[in-house]
Amino acid sequence: MPGTHVVDDIELIIEDIGGGGGNKPPLGDDGGGSDGEGNKRRKPTPISPRRYHTAVILAMISIVMFFMGLAATYLVRKMGSDWVPVQLPFMVWVNTMILLASSGTMEFARRKQAAADLKGFRTFWRVTTALGVLFLIGQVVAWRELVAKGFYVSTNPASSFFYIFTAAHGVHLLGGVGALLYVLLRNFDSTKLTLSVASEVTSYYWHFMDGLWLFLLALLYLGK
Amino acid sequence: MVDHSNGGKANGASGPGFLRGTLLRTDHKAIGLLYLWLALFSVFLGMIMSLVMRIHLVWPGAPLLFLGGLENSPERYAALTLLHGSLMVLMVLTAAPQAGFGNYLLPIQIGARDMAFPNINLLAFWVTVASLLGITTSFFLAPHVGIALWIASIALFCAAALANALNFSVTTIDLRAKGMTLPRLPITVWAWFINAILSLLIFSILLAACVYLLADHIFGTHFFSIPTLLSDVSLDSQTAALPGLWQRLFWFFAQAQVYVAILPCFGITTHLIASFSRKPVWAQRAVVLALCAVGLFGFCIWGERTFAAGLNPYSQLAFGLLASSLGLPASILLMSWFGTLWNGKVRLTTAMLFALGFVSLFLAGGLSGLFLAGNGLGSVVTGDDFITGHFHLVMGIAATFAMLGALFFWFPKMFGRRLDERLGKIHFWITFIGVYCVFMPMHWLGLISHLNPSSGTTFTLATAATSAIQSFVTIATLVTIAAQGIFVANFVKSLGKRSEAVEENPWRATTLEWSLSSPPPLGNFAGPAPVVYRGAYEFGGLDRSEDFASQTLPTDSTPPALPGGTDPGLRPVAST
């Protein structure tokens with residue numbers, strides 16, 4: 001059969017590239033022995049961290065698409081005749097500094113963790129979490145600053161976009177704060193997930209939120 | 001239909017109580033079945049609505065069952081159309097082939113024990129249910145509140161679909177069994193995987209649109225400037241604008257769903273045709289590339305137009321997107337299907353008939369799509385019968401055929417017993433002829449309504465024919481829907497029958513799920529995880545007693561004594 005030969009050909013080519021799933025031992029949750037032989041041990045082994053990495057990367061791609069959608073409407077709508085630019089509240093610049101600082105402390109925490117200094121890790125991780133919460137509070141303060149100037153959600157399209165962008169980013173960041181708290185409070189002895197994997201994946205997401213904020217800020221600042 | 005779906009659920013709940021045993025189980029098979037029940041329920045709800053609409057078209061004065069509020073108001077009619085459309089497109093076409101069959105089969109077919117994130121999987125299902133409730137409720141509310149609730153429900157659905165897509169893609173990337181290389185993946189898995197990636201991109205954009213729409217409706221923002229915003233115009237123009245509003249919203253979301261709904265159907269059809277032609281998929285690599293191309297082209301063309309309009313659902317999206325973006329990949333798929341059938345030992349089981357029905361409907365719908373893709377017809381005929389006929393034929397009916405094919409094929413695996421073939425074939429032929437009788441005349445109606453009145457006698461003749469055609473379509477609809485009773489009877493009969501359990505591989509198919517007992521046990525594979533040695537479609541000419549080779553059959557071994565494969569770890573556990 002010609003069909004079977006073709007399959008063999010592709011196999012030779014792709015088996016190397018697809019080294020991902022194909023060649024490595026199965027990632028079964030339990031009892032998935034190393035060689036697929038009759039390995040009957042039932043000890044709950046920590047599962048491979050790969051799925052968490054893949055998930056956070058795909059989630060980031062999806063979130064990028066979400067914000068690209070928001071941004072596309074911003075760019076199209078900006079050309080409308082009823083567009084009145086809005087001065088960004090001063091507080092957003094303070095918030096940006098806070099968020100950047102939190103990314104820094106997170107890297108310190110991860111470095112402590114790599115050096116097996118669990119206490120230092122937890123200290124810096126707490127600081128990061130606090131900065132994250134501070135950022136969210138700061139965003140609310142920025143909203144109040146705008147309201148005090150008389151710009152409400154529906155005042156004009158430009159102010160609407162400011163509120164929607166900050167709110168959407170805030171909701172995603174809140175998820176990040178949740179992940180930070182999870183790493184801080186969860187006892188990882190009983191989970192399949194290990195502390196190092198959890199903190200690594202959380203740090204990816206946190207830095208991503210940081211970059212996303214810079215992008216939105218640039219859009220709002222340059223786009224006015 | 002409510003009754004038997006509940007009965008089916010009760011079947012599975014024999015252990016730790018109904019709630020934890022069935023509704024809150026994180027096992028991917030349980031969740032997949034729940035999605036299928038949900039889809040079945042929505043199908044019947046949606047079908048009742050289409051029946052109401054047909055009756056309304058032919059006898060506008062007739063009192064309608066439970067919709068006293070319809071009262072010939074065009075707005076209510078448009079809302080009914082939107083409700084019918086959103087139930088069918090979201091809960092049936094998007095949820096069943098992907099979330100339903102995908103959830104049930106994808107982990108087994110790649111040799112995994114469950115999805116990557118079972119809890120998220122369960123959460124996504126219940127969010128979907130909440131979305132279904134919201135959509136249905138929105139119809140009975142006042143228009144302004146109704147639209148807001150509808151949009152919020154769609155946003156929920158998008159969120160659930162995103163969670164699902166994430167789960168599917170991570171599972172396919174990271175949880176494949178040893179030896180399950182990319183070329184060895186069944187085409188169904190490829191389709192679900194590509195579709196998951198596509199959903200990850202499409203649904204996040206739709207979610208963004210929902211956010212804007214909701215803000216417009218709740219906070220009174222003006223992200224999408226429509227000429228008649230509900231709040232600041234007179235009552236008269238409000239009611240005049242409403243039908244158009246419902247319609248535009250529907251088309252905006254339906255456009256994107258086309259690709260998401262059709263991709264898994266391609267996968268299922270390819271799989272069934274290969275299995276029942278007893279031949280490998282012809283040009284398998286090209287088929288995989290074509291599936292990728294469907295996803296890529298579909299997203300690029302839809303995305304480009306959406307971004308260019310700033311996600312604005314009220315701007316005109318050109319029609320025939322499907323046709324214009326599918327041309328090349330669809331021809332490749334068609335060639336592969338015919339190439340697989342060529343000289344195959346074709347077995348016309350009911351599942352195969354439905355797969356072939358899909359091919360036929362897809363071809364027919366594709367031809368009418370060419371009319372739409374070319375010239376500016378698309379923008380003129382929005383919402384008329386030609387569009388309705390085209391859209392239903394390609395998307396709704398064709399996809400339903402693929403789903404029914406899949407159900408007949410995998411039913412023995414899911415429930416351990418077979419659907420009746422004779423009843424199935426009767427059901428198939430009535431439905432197949434019925435849908436052509438419904439949707440072909442609908443195309444004519446659309447064309448007639450575009451006739452130039454100055455063409456004299458042709459025009460008067462055509463308009464005279466219109467009402468006759470309308471009645472014919474309505475009668476054909478009634479017959480086709482009545483024929484679904486045969487299917488329900490078949491379904492209930494097969495589920496209820498306790499005695500006639502089927503063997504684990506009744507179709508003598510190659511993929512991993514057929515090496516397990518029916519239904520597969522919790523965790524799928526007893527003992528160590530399976531090891532895969534072969535491609536997914538090794539049929540025919542293998543000089544061995546069987547004409548197929550299971551994926552788990554080692555390449556260097558002697559012929560198997562059992563169809564279940566030779567790996568001791570893969571022997572199915574004794575069925576209870």
# chains A, B, ... in the order shown; residues from 1 in each chain; ligands from 1
call {"tool": "residues_around", "arguments": {"residues": "region 135-144 of chain A", "least_positions_apart": "2", "cutoff": "9 Å", "atoms": "only C-alpha atoms", "output": "ChimeraX atom specification"}}
result
/A:88-92,94-96,98-99,130-133,146-149,152,163,166-167,170,173-174
call {"tool": "write_last_selection", "arguments": {"atoms": "N, CA and C atoms", "output": "JSON list (two decimals), in the first residue's frame"}}
result
[["chain", "number", "residue", "atom", "x", "y", "z"],
["A", 88, "LEU", "N", -4.14, 61.61, 30.62],
["A", 88, "LEU", "CA", -4.00, 60.48, 31.54],
["A", 88, "LEU", "C", -3.81, 60.99, 32.96],
["A", 89, "PRO", "N", -4.44, 60.37, 33.95],
["A", 89, "PRO", "CA", -4.24, 60.80, 35.34],
["A", 89, "PRO", "C", -2.80, 60.55, 35.77],
["A", 90, "PHE", "N", -2.29, 61.40, 36.64],
["A", 90, "PHE", "CA", -0.89, 61.29, 37.07],
["A", 90, "PHE", "C", -0.61, 59.94, 37.73],
["A", 91, "MET", "N", -1.63, 59.43, 38.40],
["A", 91, "MET", "CA", -1.46, 58.21, 39.19],
["A", 91, "MET", "C", -0.99, 57.02, 38.34],
["A", 92, "VAL", "N", -1.35, 56.98, 37.06],
["A", 92, "VAL", "CA", -0.95, 55.81, 36.27],
["A", 92, "VAL", "C", 0.57, 55.70, 36.19],
["A", 94, "VAL", "N", 2.72, 56.55, 38.54],
["A", 94, "VAL", "CA", 3.12, 55.94, 39.81],
["A", 94, "VAL", "C", 2.88, 54.43, 39.76],
["A", 95, "ASN", "N", 1.68, 54.07, 39.29],
["A", 95, "ASN", "CA", 1.32, 52.64, 39.21],
["A", 95, "ASN", "C", 2.29, 51.86, 38.34],
["A", 96, "THR", "N", 2.68, 52.49, 37.22],
["A", 96, "THR", "CA", 3.61, 51.81, 36.32],
["A", 96, "THR", "C", 4.91, 51.50, 37.06],
["A", 98, "ILE", "N", 5.26, 51.07, 40.25],
["A", 98, "ILE", "CA", 4.99, 49.99, 41.21],
["A", 98, "ILE", "C", 5.03, 48.64, 40.52],
["A", 99, "LEU", "N", 4.40, 48.56, 39.35],
["A", 99, "LEU", "CA", 4.32, 47.27, 38.65],
["A", 99, "LEU", "C", 5.71, 46.82, 38.19],
["A", 130, "ALA", "N", 2.34, 42.17, 47.58],
["A", 130, "ALA", "CA", 1.88, 43.45, 48.12],
["A", 130, "ALA", "C", 1.92, 44.53, 47.04],
["A", 131, "LEU", "N", 2.99, 44.55, 46.24],
["A", 131, "LEU", "CA", 3.09, 45.55, 45.17],
["A", 131, "LEU", "C", 1.98, 45.35, 44.15],
["A", 132, "GLY", "N", 1.67, 44.09, 43.87],
["A", 132, "GLY", "CA", 0.58, 43.82, 42.93],
["A", 132, "GLY", "C", -0.74, 44.37, 43.44],
["A", 133, "VAL", "N", -1.02, 44.13, 44.72],
["A", 133, "VAL", "CA", -2.26, 44.66, 45.30],
["A", 133, "VAL", "C", -2.24, 46.18, 45.29],
["A", 146, "LEU", "N", -9.73, 60.62, 37.63],
["A", 146, "LEU", "CA", -10.43, 60.98, 36.38],
["A", 146, "LEU", "C", -11.86, 61.44, 36.67],
["A", 147, "VAL", "N", -12.53, 60.72, 37.56],
["A", 147, "VAL", "CA", -13.91, 61.08, 37.90],
["A", 147, "VAL", "C", -13.95, 62.49, 38.47],
["A", 148, "ALA", "N", -12.94, 62.82, 39.31],
["A", 148, "ALA", "CA", -12.90, 64.15, 39.91],
["A", 148, "ALA", "C", -12.78, 65.22, 38.83],
["A", 149, "LYS", "N", -12.12, 64.87, 37.72],
["A", 149, "LYS", "CA", -12.00, 65.83, 36.62],
["A", 149, "LYS", "C", -13.24, 65.84, 35.75],
["A", 152, "TYR", "N", -16.33, 60.47, 33.11],
["A", 152, "TYR", "CA", -16.94, 59.21, 33.54],
["A", 152, "TYR", "C", -16.78, 58.18, 32.43],
["A", 163, "TYR", "N", -11.14, 53.48, 30.76],
["A", 163, "TYR", "CA", -11.73, 52.65, 31.81],
["A", 163, "TYR", "C", -11.72, 51.18, 31.41],
["A", 166, "THR", "N", -8.06, 49.69, 31.45],
["A", 166, "THR", "CA", -7.53, 49.48, 32.80],
["A", 166, "THR", "C", -8.31, 48.38, 33.51],
["A", 167, "ALA", "N", -9.62, 48.35, 33.30],
["A", 167, "ALA", "CA", -10.42, 47.32, 33.97],
["A", 167, "ALA", "C", -10.04, 45.93, 33.45],
["A", 170, "GLY", "N", -6.77, 45.03, 34.75],
["A", 170, "GLY", "CA", -6.88, 44.79, 36.19],
["A", 170, "GLY", "C", -7.43, 43.41, 36.50],
["A", 173, "LEU", "N", -4.75, 40.98, 35.90],
["A", 173, "LEU", "CA", -3.73, 41.09, 36.95],
["A", 173, "LEU", "C", -4.23, 40.49, 38.25],
["A", 174, "LEU", "N", -5.51, 40.63, 38.49],
["A", 174, "LEU", "CA", -6.09, 40.03, 39.70],
["A", 174, "LEU", "C", -5.87, 38.52, 39.69]]
call {"tool": "atom_distance", "arguments": {"atom1": "CA of Phe472 (chain B)", "atom2": "CA of Pro441 (chain B)"}}
result
8.5 Å
call {"tool": "closest_residue", "arguments": {"among": "B:Ala526, B:Ile154, B:Ala406, B:Val92", "to": "chain A", "atoms": "only C-alpha atoms"}}
result
B:Ala526
call {"tool": "closest_residue", "arguments": {"among": "B:Phe253, B:Phe193, B:Trp410, B:Phe276", "to": "Leu105 (chain B)", "atoms": "only C-alpha atoms"}}
result
B:Trp410
call {"tool": "residues_around", "arguments": {"residues": "Phe354 (chain B)", "least_positions_apart": "6", "cutoff": "8 Å", "atoms": "only C-alpha atoms", "output": "PyMOL selection string"}}
result
chain B and resi 401-402+404-405+428
call {"tool": "write_last_selection", "arguments": {"atoms": "C-alpha atoms", "output": "compact mmCIF listing (two decimals), in the first residue's frame"}}
result
# COMPACT_ATOMS: atom_id res chain seq x y z
CA PHE B 401 -24.61 14.70 9.48
CA ALA B 402 -20.99 14.46 10.60
CA LEU B 404 -24.70 11.70 13.57
CA GLY B 405 -22.05 9.69 11.74
CA PHE B 428 -30.65 8.51 7.22
call {"tool": "residues_around", "arguments": {"residues": "region 182-198 of chain A", "least_positions_apart": "2", "cutoff": "10 Å", "atoms": "only C-alpha atoms", "output": "PyMOL selection string"}}
result
chain A and resi 29+44-50+52-53+110+113-114+121-123+125-126+129+176-180+200-203
call {"tool": "closest_residue", "arguments": {"among": "A:Ala158, A:Leu181, A:Met106, A:Leu216", "to": "chain B", "atoms": "only C-alpha atoms"}}
result
A:Ala158
call {"tool": "residues_around", "arguments": {"residues": "Phe338 (chain B)", "least_positions_apart": "6", "cutoff": "12 Å", "atoms": "only C-alpha atoms", "output": "list in words"}}
result
Thr269, Thr270, Ile273, Ala274, Ser277, Lys279, Val281, Trp282, Ala283, Ser331, Ile332, Gly344, Val346, Leu356, Val359 and Ser360 of chain B
call {"tool": "residues_around", "arguments": {"residues": "Tyr204 (chain A)", "least_positions_apart": "5", "cutoff": "9 Å", "atoms": "only C-alpha atoms", "output": "list in words"}}
result
His53, Val56, Ile57, Ser199 and Met209 of chain A
call {"tool": "atom_distance", "arguments": {"atom1": "CA of Leu24 (chain B)", "atom2": "CA of Phe415 (chain B)"}}
result
19.6 Å
call {"tool": "residues_around", "arguments": {"residues": "region 63-68 of chain A", "least_positions_apart": "5", "cutoff": "8 Å", "atoms": "only C-alpha atoms", "output": "list of chain:residue names"}}
result
B:Leu201, B:Ser204, B:Ile205, B:Leu207, B:Ala208
call {"tool": "write_last_selection", "arguments": {"atoms": "C-alpha atoms", "output": "PDB file, in the first residue's frame"}}
result
ATOM      1  CA  LEU B 201      -7.577  32.975  18.925  1.00  0.00           C
ATOM      2  CA  SER B 204     -10.694  35.805  22.692  1.00  0.00           C
ATOM      3  CA  ILE B 205     -11.509  38.307  19.952  1.00  0.00           C
ATOM      4  CA  LEU B 207     -14.850  38.029  24.062  1.00  0.00           C
ATOM      5  CA  ALA B 208     -13.314  41.453  23.484  1.00  0.00           C
TER       6      ALA B 208
END
call {"tool": "atom_distance", "arguments": {"atom1": "CA of Ile426 (chain B)", "atom2": "CA of Thr350 (chain B)"}}
result
9.3 Å
call {"tool": "closest_residue", "arguments": {"among": "B:His84, B:His144, B:Arg113, B:Lys413", "to": "chain A", "atoms": "only C-alpha atoms"}}
result
B:Arg113
call {"tool": "closest_residue", "arguments": {"among": "A:Tyr74, A:Tyr221, A:Trp83, A:Phe124", "to": "chain B", "atoms": "only C-alpha atoms"}}
result
A:Tyr74
call {"tool": "select_by_dssp", "arguments": {"residues": "region 489-519 of chain B", "states": "helix (DSSP H, G or I)", "output": "compact mmCIF listing (two decimals) with N, CA and C atoms, in the first residue's frame"}}
result
# COMPACT_ATOMS: atom_id res chain seq x y z
N ALA B 489 -36.15 7.05 18.85
CA ALA B 489 -36.60 5.71 19.20
C ALA B 489 -35.43 4.74 19.18
N ASN B 490 -34.62 4.82 18.13
CA ASN B 490 -33.45 3.97 17.99
C ASN B 490 -32.52 4.13 19.17
N PHE B 491 -32.30 5.40 19.53
CA PHE B 491 -31.40 5.76 20.61
C PHE B 491 -31.87 5.15 21.93
N VAL B 492 -33.15 5.41 22.23
CA VAL B 492 -33.70 4.94 23.50
C VAL B 492 -33.69 3.42 23.54
N LYS B 493 -34.08 2.80 22.41
CA LYS B 493 -34.14 1.36 22.34
C LYS B 493 -32.76 0.75 22.60
N SER B 494 -31.73 1.31 21.95
CA SER B 494 -30.39 0.75 22.09
C SER B 494 -29.85 0.95 23.49
N LEU B 495 -30.16 2.10 24.09
CA LEU B 495 -29.67 2.35 25.44
C LEU B 495 -30.33 1.41 26.44
N GLY B 496 -31.62 1.20 26.22
CA GLY B 496 -32.37 0.41 27.19
C GLY B 496 -32.04 -1.06 27.14
N LEU B 512 -6.66 3.85 19.22
CA LEU B 512 -6.48 3.33 20.58
C LEU B 512 -7.77 3.01 21.31
N GLU B 513 -8.84 3.83 21.08
CA GLU B 513 -10.03 3.62 21.88
C GLU B 513 -10.63 2.24 21.67
N TRP B 514 -10.37 1.64 20.51
CA TRP B 514 -10.96 0.33 20.22
C TRP B 514 -10.22 -0.80 20.89
N SER B 515 -9.08 -0.52 21.53
CA SER B 515 -8.39 -1.57 22.26
C SER B 515 -8.88 -1.66 23.70
call {"tool": "closest_residue", "arguments": {"among": "A:Gly150, A:Val127, A:Phe162, A:Leu212", "to": "chain B", "atoms": "only C-alpha atoms"}}
result
A:Phe162
